[in-house]
Structure formats: structure tokens, C-alpha cells
Amino acid sequence: MNVTFDYAGKVVVIIGGTSGINRGIAEAFARAGAKVAVASRTQEKVDDTVAALKKLGAADAMGFTADVREAAAINDGVASIHKAWGDFSVVISGAAGNFPALATGMSANGFRSVIEIDLLGTFHVMQAVYPYLQKPGAAIINISAPQAIIPMPAQSHVCAAKAGVDMITRTLALEWGGEGIRINSVIPGPIDGTEGMKRLAPTEAVRHAVVNSVPLKRMGTPQDIANACLFLVSDMASYITGAIVPVDGGWVQGGVAMVGAGLGEMMKKSSPRS
Ligand code: NAP
Ligand code: COA
């Protein structure tokens with residue numbers, strides 16, 4: 001069954017939308033007819049993404065550069081989008097940083113930088129977009145991660161930051177629900193070919209272990225995540241808010257922990273059919 005979404009004329013703002021998963025989401029909204037604006041730190045990435053979005057049908061796609069750690073830059077950027085297009089129907093907040101480092105091998109500044117990008121950055125984005133959200137009717141998605149609900153070695157900074165992101169989602173669902181604003185988190189599983197996976201699964205052996213630990217036995221694609229976003233901000237999801245939605249082939253049901261403990265391999269060896 002083919003399902004298509006029509007976002008013609010809707011204003012969609014995607015913070016951190018210039019590569020990987022978030023760019024996949026931006027492209028999906030462009031294909032669905034939306035007016036798409038993207039933002040990140042790097043001018044070339046913004047320009048490249050805007051050009052690609054235009055080719056996909058978002059003729060008036062726009063972008064701006066800003067670091068989510070700097071509230072004023074984000075405020076100015078979203079104000080410029082609002083000035084051009086008016087109220088926002090959809091906001092996706094997905095800027096993030098990650099590197100693997102054990103707690104004992106990470107400086108306080110390393111921990112701080114991820115907290116500031118993922119957690120404080122999300123807060124900055126929420127505060128910046130709030131005045132410009134369509135009320136009622138706007139829908140927000142914060143891009144979270146499995147680390148928000150499953151502890152993972154060498155990820156204390158990301159676990160803490162993304163757990164906080166999900167609590168921002170749940171709290172703002174309470175604070176803003178009365179104004180007709182919905183907000184949900186999407187938790188991508190391991191997504192093939194992305195910067196995140198290059199950093200966390202840098203060798204073929206780890207990649208193989210990750211795939212094996214996913215109940216659906218494959219990594220995800222940016223399109224998998226985009227499909228969930230297209231649904232969650234649509235009228236079909238009009239009673240869903242404050243939800244933390246894994247889109248992960250079942251990974252958070254135990255897969256992440258299985259990779260850490262090597263349990264996936266052990267189970268395979270002890271299986272009567274292998
Ligand atoms: P990515 O390609 O590195 O995308 C990150 C995006 O955020 C880029 O557009 C980047 O552009 C921007 N960004 C980074 N730091 C920023 C900052 N300080 N201010 C503004 N923009 C910033 O990463 P990805 O792997 O696709 O991950 C995307 C999202 O999915 C993240 O939220 C991540 O936590 C989540 N996630 C990923 C996976 C995975 O398998 N990859 C799994 C679970 C969750 P600039 O460099 O130009 O700033
Ligand atoms: N191991 C341990 N510490 C590390 C590290 C690593 N692999 N990489 C960076 N750090 C530390 C640095 O040493 C520094 O701490 P220090 O000042 O005490 O030395 C701190 O993190 C900040 O590093 P810096 O390079 O100045 O940060 P930045 O603000 O320029 O970049 C990062 C932020 C580190 C998160 C960078 O990797 C980034 O921009 N990532 C965005 C893309 C990404 O991660 N995508 C995947 C998303 S899932």
C-alpha cells in the first residue's frame with residue numbers, strides 16, 4: 001500500500017537539517033510539497049541542501065547558518081524564516097554531536113559540548129520557534145536517540161543529553177498542549193551511512209554486530225525516519241503528543257545492550273538451529 005502525504009504550502013523548519021537523517025527528513029518534506037527551511041553551522045552544507053531541496057520541488061527552500069549553542073543566532077535565523085513565510089506548521093530539531101569516549105577518558109569540556117549541542121541546543125530551538133508556531137496546529141519533533149532510554153558504554157554524555165531532550169519533549173507537551181501544539185520525540189535506530197554510525201560503528205565487525213542485534217536484522221535508512229516524521233506531524237497523528245517513538249527495527253527492546261554484552265553472538269552460537 002502506498003501512502004503519500006501532502007504538505008503543500010506548509011512551513012517546515014529543520015534545525016540541523018543539512019546532512020544525514022535530518023537532511024533525509026528535509027528531502028521528504030520537500031517531495032511532499034512543503035516550504036522547507038534548514039539550518040546548521042556550515043554555510044556550504046546549508047547551500048548544498050537548499051539546492052537539493054529546490055531540485056526536489058521546494059522551489060523557495062531557504063536556509064541559515066547558526067550554532068544551536070548560541071540562542072541569539074537561532075533566534076535571528078528563525079525570525080528571518082518567519083518574516084519570509086509566516087507561521088511554522090512543523091519544526092524538526094535534530095542538531096547533535098557525538099563521539100565515543102569512556103567517562104574516565106573524557107574531559108568535562110567534552111561532556112559539556114555534547115550537553116550544550118543536544119540538550120541546551122534543543123531548549124534554545126524550542127524557545128526560538130515558540131512565538132512563530134501555528135496555534136493551534138503546529139507539530140514539533142525532537143530527534144532523540146536510543147541512548148535516551150538505554151545506557152551505552154562510552155556514551156554517558158549522549159545518554160544524559162538525549163534523556164534530557166526526551167524530558168523537554170514530554171514537559172512541553174504539557175505546557176503547550178492547551179494551545180494546540182503537539183510535540184513528540186523520534187528515536188532513530190542505527191541508520192546506515194550516517195555520521196553517527198561512522199562514529200559508533202567504525203569497523204565492519206561492529207557494523208555486523210549492530211545489524212545482528214536489530215530484531216528486524218537491518219540498519220534503518222533516513223527514509224525510515226522521514227516516514228515516521230511525515231506521519232507524526234500529520235493530522236492522522238492529531239491525538240499523539242508527548243510520545244517518545246522509537247523507529248529502530250526494535251533495537252531499543254534490547255539490541256543496544258546485546259551489542260555491548262556480546263550477547264547477540266552468544267545467542268546465535270547456542271541456538272539449536274545454528
Ligand atoms: P549528522 O549527519 O552529523 O547531522 C547532524 C546535523 O546537525 C548536521 O546538519 C550538522 O550540520 C548539524 N549540527 C551539528 N552540530 C550543530 C550545532 N552545534 N549547531 C547547529 N547545527 C549543528 O548526524 P546523523 O548521524 O544524521 O544524526 C542526526 C540526528 O539523529 C542526531 O540528532 C542524532 O543524535 C540522531 N541519531 C542518529 C543515529 C544514527 O544512526 N546516525 C541514531 C540515533 C539518533 P553542521 O555540521 O553544518 O552544523
Ligand atoms: N574523545 C574524547 N573527547 C573528545 C572527542 C573524542 N573523540 N572529540 C572531541 N572531544 C572533546 C575535545 O577534546 C574538547 O574537549 P577539551 O577542550 O577538553 O579538549 C571537546 O570535546 C570539544 O571539542 P571541539 O572539537 O572543540 O568541539 P566542537 O564544538 O568543535 O565539536 C563535537 C563538537 C566534538 C561533538 C564534534 O564532533 C561535532 O561537531 N559533531 C557534529 C557531528 C556529529 O557528531 N554527528 C553525529 C551525530 S549522532
# chains A, B, ... in the order shown; residues from 1 in each chain; ligands from 1
$ closest_atom_pairs --of "chain A" --to "ligand 1" --cutoff "6 Å" --atoms "only C-alpha atoms and all ligand atoms" --output "CSV"
residue,atom,partner,partner_atom_place_in_ligand_line,distance
A:Gly16,CA,ligand 1,7 (O),3.5
A:Gly17,CA,ligand 1,9 (O),4.6
A:Thr18,CA,ligand 1,9 (O),3.7
A:Ser19,CA,ligand 1,2 (O),4.2
A:Gly20,CA,ligand 1,26 (O),3.4
A:Ile21,CA,ligand 1,26 (O),3.9
A:Asn22,CA,ligand 1,28 (C),5.6
A:Ser40,CA,ligand 1,21 (N),3.6
A:Arg41,CA,ligand 1,48 (O),3.7
A:Thr42,CA,ligand 1,47 (O),3.7
A:Lys45,CA,ligand 1,47 (O),5.6
A:Ala66,CA,ligand 1,20 (C),5.6
A:Asp67,CA,ligand 1,19 (N),3.4
A:Val68,CA,ligand 1,19 (N),4.0
A:Arg69,CA,ligand 1,18 (N),5.8
A:Gly94,CA,ligand 1,32 (O),4.1
A:Ala95,CA,ligand 1,7 (O),3.6
A:Ala96,CA,ligand 1,32 (O),4.5
A:Gly97,CA,ligand 1,15 (N),5.5
A:Ile117,CA,ligand 1,18 (N),5.0
A:Ile143,CA,ligand 1,32 (O),5.0
A:Ser144,CA,ligand 1,44 (C),5.6
A:Ala145,CA,ligand 1,44 (C),3.9
A:Ile187,CA,ligand 1,44 (C),5.9
A:Pro188,CA,ligand 1,43 (C),4.3
A:Gly189,CA,ligand 1,42 (C),5.0
A:Pro190,CA,ligand 1,40 (O),3.8
A:Ile191,CA,ligand 1,40 (O),3.7
A:Thr194,CA,ligand 1,25 (O),4.5
A:Glu195,CA,ligand 1,25 (O),4.2
A:Gly196,CA,ligand 1,25 (O),3.5
A:Met197,CA,ligand 1,40 (O),4.9
$ write_last_selection --atoms "N, CA and C atoms" --output "compact mmCIF listing (two decimals), in the first residue's frame"
# COMPACT_ATOMS: atom_id res chain seq x y z
N GLY A 16 19.49 21.63 12.08
CA GLY A 16 20.42 20.51 11.90
C GLY A 16 20.02 19.68 10.69
N GLY A 17 19.43 20.34 9.69
CA GLY A 17 18.84 19.60 8.57
C GLY A 17 19.74 19.45 7.35
N THR A 18 21.05 19.60 7.52
CA THR A 18 21.90 19.67 6.33
C THR A 18 22.73 18.42 6.06
N SER A 19 22.56 17.39 6.84
CA SER A 19 23.21 16.11 6.49
C SER A 19 22.48 14.97 7.17
N GLY A 20 22.80 13.76 6.71
CA GLY A 20 22.34 12.54 7.36
C GLY A 20 20.83 12.43 7.48
N ILE A 21 20.41 11.98 8.65
CA ILE A 21 18.99 11.70 8.90
C ILE A 21 18.13 12.94 8.70
N ASN A 22 18.56 14.05 9.28
CA ASN A 22 17.72 15.26 9.23
C ASN A 22 17.59 15.80 7.81
N SER A 40 22.15 24.92 9.94
CA SER A 40 23.25 24.26 10.65
C SER A 40 24.43 25.23 10.68
N ARG A 41 25.59 24.74 11.17
CA ARG A 41 26.72 25.66 11.36
C ARG A 41 27.43 26.02 10.06
N THR A 42 27.35 25.12 9.04
CA THR A 42 28.27 25.22 7.91
C THR A 42 27.57 25.76 6.67
N LYS A 45 27.20 23.37 3.64
CA LYS A 45 26.20 22.32 3.84
C LYS A 45 24.78 22.90 3.69
N ALA A 66 23.69 28.75 11.82
CA ALA A 66 23.64 29.08 13.25
C ALA A 66 24.13 27.88 14.02
N ASP A 67 24.72 28.15 15.15
CA ASP A 67 25.11 27.09 16.08
C ASP A 67 24.04 27.05 17.16
N VAL A 68 23.45 25.86 17.39
CA VAL A 68 22.34 25.79 18.36
C VAL A 68 22.78 26.16 19.77
N ARG A 69 24.09 26.19 20.00
CA ARG A 69 24.57 26.60 21.33
C ARG A 69 24.42 28.10 21.55
N GLY A 94 17.05 18.62 15.33
CA GLY A 94 17.88 17.40 15.31
C GLY A 94 19.37 17.61 15.34
N ALA A 95 19.82 18.84 15.62
CA ALA A 95 21.27 19.06 15.68
C ALA A 95 21.85 18.26 16.85
N ALA A 96 22.98 17.61 16.62
CA ALA A 96 23.58 16.80 17.69
C ALA A 96 25.05 16.59 17.42
N GLY A 97 25.77 16.27 18.48
CA GLY A 97 27.17 15.90 18.37
C GLY A 97 27.41 14.62 19.13
N ILE A 117 25.19 21.08 22.83
CA ILE A 117 24.61 20.97 21.49
C ILE A 117 23.24 20.29 21.57
N ILE A 143 14.57 15.09 17.56
CA ILE A 143 15.25 13.85 17.19
C ILE A 143 16.11 13.41 18.38
N SER A 144 15.72 12.31 18.96
CA SER A 144 16.42 11.78 20.13
C SER A 144 17.33 10.63 19.71
N ALA A 145 17.59 9.69 20.60
CA ALA A 145 18.47 8.56 20.27
C ALA A 145 18.21 7.42 21.25
N ILE A 187 13.04 8.43 18.04
CA ILE A 187 14.33 7.79 18.36
C ILE A 187 14.75 6.94 17.18
N PRO A 188 15.67 7.45 16.35
CA PRO A 188 16.15 6.60 15.26
C PRO A 188 16.99 5.44 15.81
N GLY A 189 16.86 4.30 15.19
CA GLY A 189 17.81 3.21 15.49
C GLY A 189 19.10 3.47 14.74
N PRO A 190 19.91 2.43 14.54
CA PRO A 190 21.15 2.62 13.78
C PRO A 190 20.82 2.87 12.30
N ILE A 191 21.23 4.02 11.80
CA ILE A 191 20.84 4.42 10.44
C ILE A 191 22.08 4.37 9.54
N THR A 194 25.33 7.04 7.98
CA THR A 194 25.28 8.36 8.62
C THR A 194 26.55 8.63 9.42
N GLU A 195 26.73 9.91 9.73
CA GLU A 195 27.86 10.33 10.56
C GLU A 195 27.84 9.61 11.91
N GLY A 196 26.64 9.52 12.48
CA GLY A 196 26.51 8.85 13.77
C GLY A 196 27.02 7.43 13.72
N MET A 197 26.63 6.69 12.69
CA MET A 197 27.06 5.29 12.58
C MET A 197 28.55 5.19 12.25
$ closest_atom_pairs --of "chain A" --to "ligand 2" --cutoff "7 Å" --atoms "only C-alpha atoms and all ligand atoms" --output "JSON lines"
{"residue": "A:Ala96", "atom": "CA", "partner": "ligand 2", "partner_atom_place_in_ligand_line": "47 (C)", "distance": 4.9}
{"residue": "A:Gly97", "atom": "CA", "partner": "ligand 2", "partner_atom_place_in_ligand_line": "44 (O)", "distance": 3.3}
{"residue": "A:Asn98", "atom": "CA", "partner": "ligand 2", "partner_atom_place_in_ligand_line": "44 (O)", "distance": 3.9}
{"residue": "A:Phe99", "atom": "CA", "partner": "ligand 2", "partner_atom_place_in_ligand_line": "7 (N)", "distance": 4.8}
{"residue": "A:Pro100", "atom": "CA", "partner": "ligand 2", "partner_atom_place_in_ligand_line": "7 (N)", "distance": 5.8}
{"residue": "A:Ala101", "atom": "CA", "partner": "ligand 2", "partner_atom_place_in_ligand_line": "1 (N)", "distance": 5.0}
{"residue": "A:Gly105", "atom": "CA", "partner": "ligand 2", "partner_atom_place_in_ligand_line": "2 (C)", "distance": 6.5}
{"residue": "A:Met106", "atom": "CA", "partner": "ligand 2", "partner_atom_place_in_ligand_line": "2 (C)", "distance": 4.9}
{"residue": "A:Ser107", "atom": "CA", "partner": "ligand 2", "partner_atom_place_in_ligand_line": "18 (O)", "distance": 4.6}
{"residue": "A:Ala108", "atom": "CA", "partner": "ligand 2", "partner_atom_place_in_ligand_line": "18 (O)", "distance": 6.3}
{"residue": "A:Asn109", "atom": "CA", "partner": "ligand 2", "partner_atom_place_in_ligand_line": "18 (O)", "distance": 4.5}
{"residue": "A:Gly110", "atom": "CA", "partner": "ligand 2", "partner_atom_place_in_ligand_line": "21 (O)", "distance": 3.2}
{"residue": "A:Phe111", "atom": "CA", "partner": "ligand 2", "partner_atom_place_in_ligand_line": "21 (O)", "distance": 6.7}
{"residue": "A:Ser113", "atom": "CA", "partner": "ligand 2", "partner_atom_place_in_ligand_line": "22 (C)", "distance": 5.4}
{"residue": "A:Val114", "atom": "CA", "partner": "ligand 2", "partner_atom_place_in_ligand_line": "35 (C)", "distance": 5.6}
{"residue": "A:Glu195", "atom": "CA", "partner": "ligand 2", "partner_atom_place_in_ligand_line": "46 (C)", "distance": 4.9}
{"residue": "A:Gly196", "atom": "CA", "partner": "ligand 2", "partner_atom_place_in_ligand_line": "48 (S)", "distance": 3.9}
$ write_last_selection --atoms "N, CA and C atoms" --output "mmCIF file, in the first residue's frame"
data_model
loop_
_atom_site.group_PDB
_atom_site.id
_atom_site.type_symbol
_atom_site.label_atom_id
_atom_site.label_comp_id
_atom_site.auth_asym_id
_atom_site.auth_seq_id
_atom_site.Cartn_x
_atom_site.Cartn_y
_atom_site.Cartn_z
ATOM 1 N N ALA A 96 22.981 17.608 16.620
ATOM 2 C CA ALA A 96 23.581 16.804 17.688
ATOM 3 C C ALA A 96 25.051 16.586 17.423
ATOM 4 N N GLY A 97 25.767 16.274 18.481
ATOM 5 C CA GLY A 97 27.174 15.899 18.366
ATOM 6 C C GLY A 97 27.409 14.615 19.127
ATOM 7 N N ASN A 98 28.340 13.827 18.649
ATOM 8 C CA ASN A 98 28.640 12.565 19.330
ATOM 9 C C ASN A 98 30.057 12.137 19.028
ATOM 10 N N PHE A 99 30.677 11.523 20.010
ATOM 11 C CA PHE A 99 31.928 10.785 19.821
ATOM 12 C C PHE A 99 31.972 9.744 20.927
ATOM 13 N N PRO A 100 32.564 8.581 20.646
ATOM 14 C CA PRO A 100 32.632 7.584 21.711
ATOM 15 C C PRO A 100 33.781 7.898 22.658
ATOM 16 N N ALA A 101 33.496 7.964 23.954
ATOM 17 C CA ALA A 101 34.547 8.205 24.950
ATOM 18 C C ALA A 101 34.059 7.709 26.309
ATOM 19 N N GLY A 105 37.757 8.869 30.247
ATOM 20 C CA GLY A 105 38.662 9.368 29.208
ATOM 21 C C GLY A 105 38.153 10.626 28.533
ATOM 22 N N MET A 106 37.128 11.230 29.146
ATOM 23 C CA MET A 106 36.512 12.399 28.507
ATOM 24 C C MET A 106 36.712 13.614 29.414
ATOM 25 N N SER A 107 37.097 14.738 28.831
ATOM 26 C CA SER A 107 37.223 15.954 29.650
ATOM 27 C C SER A 107 35.833 16.499 29.958
ATOM 28 N N ALA A 108 35.768 17.320 31.001
ATOM 29 C CA ALA A 108 34.490 17.970 31.333
ATOM 30 C C ALA A 108 34.008 18.784 30.139
ATOM 31 N N ASN A 109 34.947 19.344 29.390
ATOM 32 C CA ASN A 109 34.546 20.146 28.235
ATOM 33 C C ASN A 109 33.960 19.278 27.121
ATOM 34 N N GLY A 110 34.482 18.058 26.986
ATOM 35 C CA GLY A 110 33.910 17.133 26.007
ATOM 36 C C GLY A 110 32.470 16.805 26.373
ATOM 37 N N PHE A 111 32.253 16.489 27.658
ATOM 38 C CA PHE A 111 30.890 16.210 28.143
ATOM 39 C C PHE A 111 30.007 17.436 27.906
ATOM 40 N N SER A 113 30.293 19.858 25.792
ATOM 41 C CA SER A 113 29.989 20.243 24.406
ATOM 42 C C SER A 113 28.787 19.463 23.869
ATOM 43 N N VAL A 114 28.683 18.184 24.224
ATOM 44 C CA VAL A 114 27.528 17.405 23.752
ATOM 45 C C VAL A 114 26.251 17.828 24.485
ATOM 46 N N GLU A 195 26.734 9.913 9.735
ATOM 47 C CA GLU A 195 27.865 10.328 10.559
ATOM 48 C C GLU A 195 27.839 9.613 11.912
ATOM 49 N N GLY A 196 26.643 9.520 12.478
ATOM 50 C CA GLY A 196 26.510 8.851 13.774
ATOM 51 C C GLY A 196 27.016 7.426 13.723
#
$ select_by_dssp --residues "segment 10-162 of chain A" --states "strand (DSSP E)" --output "ChimeraX atom specification"
/A:11-15,35-40,62-65,90-93,139-143
$ write_last_selection --atoms "C-alpha atoms" --output "short mmCIF file (atom, residue, chain, number, x, y, z; two decimals), in the first residue's frame"
data_model
loop_
_atom_site.label_atom_id
_atom_site.label_comp_id
_atom_site.auth_asym_id
_atom_site.auth_seq_id
_atom_site.Cartn_x
_atom_site.Cartn_y
_atom_site.Cartn_z
CA VAL A 11 6.20 25.85 6.52
CA VAL A 12 8.65 23.22 7.79
CA VAL A 13 11.77 24.30 9.71
CA ILE A 14 14.51 21.72 10.25
CA ILE A 15 17.34 22.63 12.61
CA LYS A 35 8.23 25.08 2.10
CA VAL A 36 11.38 23.80 3.78
CA ALA A 37 13.99 25.79 5.68
CA VAL A 38 17.14 24.17 7.08
CA ALA A 39 19.83 25.40 9.46
CA SER A 40 23.25 24.26 10.65
CA MET A 62 15.77 28.56 2.39
CA GLY A 63 18.48 28.11 4.95
CA PHE A 64 20.56 29.90 7.53
CA THR A 65 23.73 29.20 9.47
CA VAL A 90 6.29 21.86 11.53
CA VAL A 91 9.59 22.10 13.39
CA ILE A 92 12.17 19.30 13.48
CA SER A 93 15.01 19.81 15.94
CA ALA A 139 3.73 19.93 15.41
CA ILE A 140 7.31 19.57 16.65
CA ILE A 141 9.62 16.57 16.57
CA ASN A 142 12.80 16.37 18.59
CA ILE A 143 15.25 13.85 17.19
#
$ closest_residue --among "A:Val247, A:Ala201, A:Ala32, A:Val129" --to "Leu56 of chain A" --atoms "only C-alpha atoms"
A:Ala32
$ atom_distance --atom1 "atom CA of Thr104 of chain A" --atom2 "atom CA of Val210 of chain A"
24.6 Å
$ closest_residue --among "A:Phe88, A:Phe5, A:Phe231, A:Trp251" --to "Met219 of chain A" --atoms "only C-alpha atoms"
A:Trp251
$ residues_around --residues "Val158 of chain A" --least-positions-apart "3" --cutoff "8 Å" --atoms "only C-alpha atoms" --output "list in words"
Asn98, Val114, Ile115, Asp118, Gln147, Ala148, Gln155, Ala161 and Lys162 of chain A
$ residues_around --residues "Gly24 of chain A" --least-positions-apart "3" --cutoff "7 Å" --atoms "only C-alpha atoms" --output "ChimeraX atom specification"
/A:20-21,27-28,222-223,226
$ write_last_selection --atoms "N, CA and C atoms" --output "short mmCIF file (atom, residue, chain, number, x, y, z; two decimals), in the first residue's frame"
data_model
loop_
_atom_site.label_atom_id
_atom_site.label_comp_id
_atom_site.auth_asym_id
_atom_site.auth_seq_id
_atom_site.Cartn_x
_atom_site.Cartn_y
_atom_site.Cartn_z
N GLY A 20 22.80 13.76 6.71
CA GLY A 20 22.34 12.54 7.36
C GLY A 20 20.83 12.43 7.48
N ILE A 21 20.41 11.98 8.65
CA ILE A 21 18.99 11.70 8.90
C ILE A 21 18.13 12.94 8.70
N GLU A 27 14.36 16.39 2.83
CA GLU A 27 14.06 16.00 1.44
C GLU A 27 12.67 15.39 1.32
N ALA A 28 12.27 14.63 2.34
CA ALA A 28 10.94 14.01 2.29
C ALA A 28 9.85 15.09 2.33
N PRO A 222 17.53 6.91 6.30
CA PRO A 222 16.91 8.21 6.60
C PRO A 222 15.44 8.24 6.19
N GLN A 223 15.09 7.52 5.12
CA GLN A 223 13.69 7.49 4.69
C GLN A 223 12.78 6.85 5.74
N ALA A 226 12.20 9.59 8.11
CA ALA A 226 11.36 10.61 7.48
C ALA A 226 9.90 10.16 7.42
#
$ residues_around --residues "Tyr7 of chain A" --least-positions-apart "4" --cutoff "8 Å" --atoms "only C-alpha atoms" --output "PDB file with N, CA and C atoms, in the first residue's frame"
ATOM      1  N   PHE A  29      10.045  16.111   3.163  1.00  0.00           N
ATOM      2  CA  PHE A  29       9.048  17.196   3.215  1.00  0.00           C
ATOM      3  C   PHE A  29       9.053  18.007   1.917  1.00  0.00           C
ATOM      4  N   ALA A  32       7.052  16.264  -0.486  1.00  0.00           N
ATOM      5  CA  ALA A  32       5.621  16.329  -0.132  1.00  0.00           C
ATOM      6  C   ALA A  32       5.053  17.732  -0.328  1.00  0.00           C
ATOM      7  N   GLY A  33       5.839  18.625  -0.917  1.00  0.00           N
ATOM      8  CA  GLY A  33       5.315  19.935  -1.319  1.00  0.00           C
ATOM      9  C   GLY A  33       5.514  21.060  -0.327  1.00  0.00           C
ATOM     10  N   ALA A  34       6.206  20.786   0.806  1.00  0.00           N
ATOM     11  CA  ALA A  34       6.334  21.819   1.846  1.00  0.00           C
ATOM     12  C   ALA A  34       7.321  22.908   1.440  1.00  0.00           C
TER      13      ALA A  34
END
$ atom_distance --atom1 "atom CA of Ser89 of chain A" --atom2 "atom CA of Thr171 of chain A"
19.9 Å
$ atom_distance --atom1 "atom CA of Gln127 of chain A" --atom2 "atom CA of Lys10 of chain A"
20.7 Å
$ closest_residue --among "A:Gly255, A:Gly9, A:Pro136, A:Pro215" --to "Ser238 of chain A" --atoms "only C-alpha atoms"
A:Pro136
$ residues_around --residues "Ala243 of chain A" --least-positions-apart "4" --cutoff "8 Å" --atoms "only C-alpha atoms" --output "PyMOL selection string"
chain A and resi 169-170+183-185
$ write_last_selection --atoms "N, CA, C and O atoms" --output "PDB file, in the first residue's frame"
ATOM      1  N   THR A 169      10.688  17.199  25.560  1.00  0.00           N
ATOM      2  CA  THR A 169       9.524  16.838  24.740  1.00  0.00           C
ATOM      3  C   THR A 169       8.299  16.609  25.610  1.00  0.00           C
ATOM      4  O   THR A 169       7.213  17.164  25.369  1.00  0.00           O
ATOM      5  N   ARG A 170       8.472  15.805  26.650  1.00  0.00           N
ATOM      6  CA  ARG A 170       7.308  15.427  27.464  1.00  0.00           C
ATOM      7  C   ARG A 170       6.780  16.623  28.263  1.00  0.00           C
ATOM      8  O   ARG A 170       5.570  16.763  28.452  1.00  0.00           O
ATOM      9  N   ILE A 183       4.018  17.883  20.367  1.00  0.00           N
ATOM     10  CA  ILE A 183       5.469  17.689  20.338  1.00  0.00           C
ATOM     11  C   ILE A 183       5.792  16.250  20.710  1.00  0.00           C
ATOM     12  O   ILE A 183       5.277  15.732  21.707  1.00  0.00           O
ATOM     13  N   ASN A 184       6.588  15.609  19.895  1.00  0.00           N
ATOM     14  CA  ASN A 184       6.981  14.224  20.114  1.00  0.00           C
ATOM     15  C   ASN A 184       8.477  14.064  19.849  1.00  0.00           C
ATOM     16  O   ASN A 184       9.080  14.899  19.165  1.00  0.00           O
ATOM     17  N   SER A 185       9.064  13.012  20.406  1.00  0.00           N
ATOM     18  CA  SER A 185      10.448  12.649  20.068  1.00  0.00           C
ATOM     19  C   SER A 185      10.435  11.436  19.155  1.00  0.00           C
ATOM     20  O   SER A 185       9.636  10.516  19.343  1.00  0.00           O
TER      21      SER A 185
END
$ select_by_dssp --residues "segment 32-255 of chain A" --states "helix (DSSP H, G or I)" --output "PyMOL selection string"
chain A and resi 43-55+71-85+103-105+108-132+146-148+156-179+195-200+204-213+222-232+235-237+251-253+255
$ write_last_selection --atoms "C-alpha atoms" --output "short mmCIF file (atom, residue, chain, number, x, y, z; two decimals), in the first residue's frame"
data_model
loop_
_atom_site.label_atom_id
_atom_site.label_comp_id
_atom_site.auth_asym_id
_atom_site.auth_seq_id
_atom_site.Cartn_x
_atom_site.Cartn_y
_atom_site.Cartn_z
CA GLN A 43 27.41 27.54 5.01
CA GLU A 44 28.42 25.00 2.31
CA LYS A 45 26.20 22.32 3.84
CA VAL A 46 23.28 24.77 4.03
CA ASP A 47 23.80 25.85 0.40
CA ASP A 48 24.13 22.30 -0.86
CA THR A 49 20.97 21.19 0.97
CA VAL A 50 18.91 24.18 -0.18
CA ALA A 51 19.94 23.49 -3.79
CA ALA A 52 18.93 19.83 -3.43
CA LEU A 53 15.58 20.75 -1.86
CA LYS A 54 14.84 23.11 -4.74
CA LYS A 55 15.51 20.30 -7.22
CA ALA A 71 20.49 31.31 21.35
CA ALA A 72 20.75 34.69 19.62
CA ALA A 73 21.86 33.11 16.33
CA ILE A 74 18.98 30.63 16.37
CA ASN A 75 16.51 33.37 17.33
CA ASP A 76 17.65 35.57 14.44
CA GLY A 77 17.56 32.68 11.96
CA VAL A 78 14.05 31.51 12.76
CA ALA A 79 12.81 35.12 12.85
CA SER A 80 14.07 35.54 9.27
CA ILE A 81 12.17 32.44 8.13
CA HIS A 82 9.01 33.69 9.84
CA LYS A 83 9.38 37.09 8.21
CA ALA A 84 9.50 35.44 4.79
CA TRP A 85 6.87 32.74 5.18
CA ALA A 103 33.63 8.67 31.21
CA THR A 104 37.17 8.40 32.58
CA GLY A 105 38.66 9.37 29.21
CA ALA A 108 34.49 17.97 31.33
CA ASN A 109 34.55 20.15 28.24
CA GLY A 110 33.91 17.13 26.01
CA PHE A 111 30.89 16.21 28.14
CA ARG A 112 29.76 19.84 28.17
CA SER A 113 29.99 20.24 24.41
CA VAL A 114 27.53 17.40 23.75
CA ILE A 115 25.19 18.58 26.52
CA GLU A 116 25.30 22.08 25.05
CA ILE A 117 24.61 20.97 21.49
CA ASP A 118 21.98 18.29 22.12
CA LEU A 119 20.21 19.43 25.29
CA LEU A 120 20.74 23.17 25.65
CA GLY A 121 20.53 23.44 21.86
CA THR A 122 17.12 21.77 21.86
CA PHE A 123 15.95 24.18 24.56
CA HIS A 124 17.22 27.14 22.52
CA VAL A 125 15.38 25.89 19.45
CA MET A 126 12.13 25.37 21.38
CA GLN A 127 12.29 28.89 22.83
CA ALA A 128 13.20 30.40 19.47
CA VAL A 129 10.38 28.80 17.48
CA TYR A 130 7.57 29.12 20.06
CA PRO A 131 6.43 32.66 19.10
CA TYR A 132 6.17 31.60 15.45
CA PRO A 146 18.39 5.07 21.78
CA GLN A 147 20.88 6.36 24.37
CA ALA A 148 17.98 8.31 25.91
CA SER A 156 27.49 8.93 29.13
CA HIS A 157 27.38 12.41 27.58
CA VAL A 158 24.89 11.41 24.85
CA CYS A 159 22.77 9.29 27.22
CA ALA A 160 22.44 12.23 29.61
CA ALA A 161 21.79 14.74 26.84
CA LYS A 162 19.21 12.76 24.89
CA ALA A 163 17.35 11.64 28.05
CA GLY A 164 17.06 15.35 28.76
CA VAL A 165 15.82 16.02 25.24
CA ASP A 166 13.02 13.50 25.75
CA MET A 167 12.04 15.15 29.02
CA ILE A 168 11.88 18.50 27.22
CA THR A 169 9.52 16.84 24.74
CA ARG A 170 7.31 15.43 27.46
CA THR A 171 7.27 18.63 29.51
CA LEU A 172 6.46 20.91 26.59
CA ALA A 173 3.67 18.54 25.56
CA LEU A 174 2.10 19.52 28.90
CA GLU A 175 2.95 23.21 28.68
CA TRP A 176 1.90 23.75 25.06
CA GLY A 177 -0.88 21.18 24.56
CA GLY A 178 -3.57 23.70 25.53
CA GLU A 179 -2.51 25.91 22.63
CA GLU A 195 27.86 10.33 10.56
CA GLY A 196 26.51 8.85 13.77
CA MET A 197 27.06 5.29 12.58
CA LYS A 198 30.50 6.13 11.18
CA ARG A 199 31.47 7.24 14.68
CA LEU A 200 29.79 4.44 16.66
CA GLU A 204 32.83 -3.89 9.54
CA ALA A 205 32.87 -6.18 12.61
CA VAL A 206 30.99 -3.69 14.80
CA ARG A 207 28.63 -2.88 11.95
CA HIS A 208 27.87 -6.60 11.56
CA ALA A 209 27.24 -6.92 15.32
CA VAL A 210 24.89 -3.95 15.22
CA VAL A 211 22.88 -5.35 12.30
CA ASN A 212 22.64 -8.70 14.08
CA SER A 213 21.34 -7.04 17.22
CA PRO A 222 16.91 8.21 6.60
CA GLN A 223 13.69 7.49 4.69
CA ASP A 224 12.51 5.20 7.51
CA ILE A 225 12.87 8.11 9.92
CA ALA A 226 11.36 10.61 7.48
CA ASN A 227 8.30 8.38 7.01
CA ALA A 228 7.67 8.37 10.75
CA CYS A 229 8.05 12.16 10.89
CA LEU A 230 5.67 12.69 7.96
CA PHE A 231 3.08 10.69 9.87
CA LEU A 232 3.68 12.14 13.34
CA ASP A 235 -3.47 15.23 11.03
CA MET A 236 -3.53 11.42 11.20
CA ALA A 237 -1.47 11.73 14.39
CA TRP A 251 16.64 -2.11 18.65
CA VAL A 252 15.79 -0.45 21.95
CA GLN A 253 13.98 -3.59 23.08
CA GLY A 255 19.56 -4.75 20.92
#
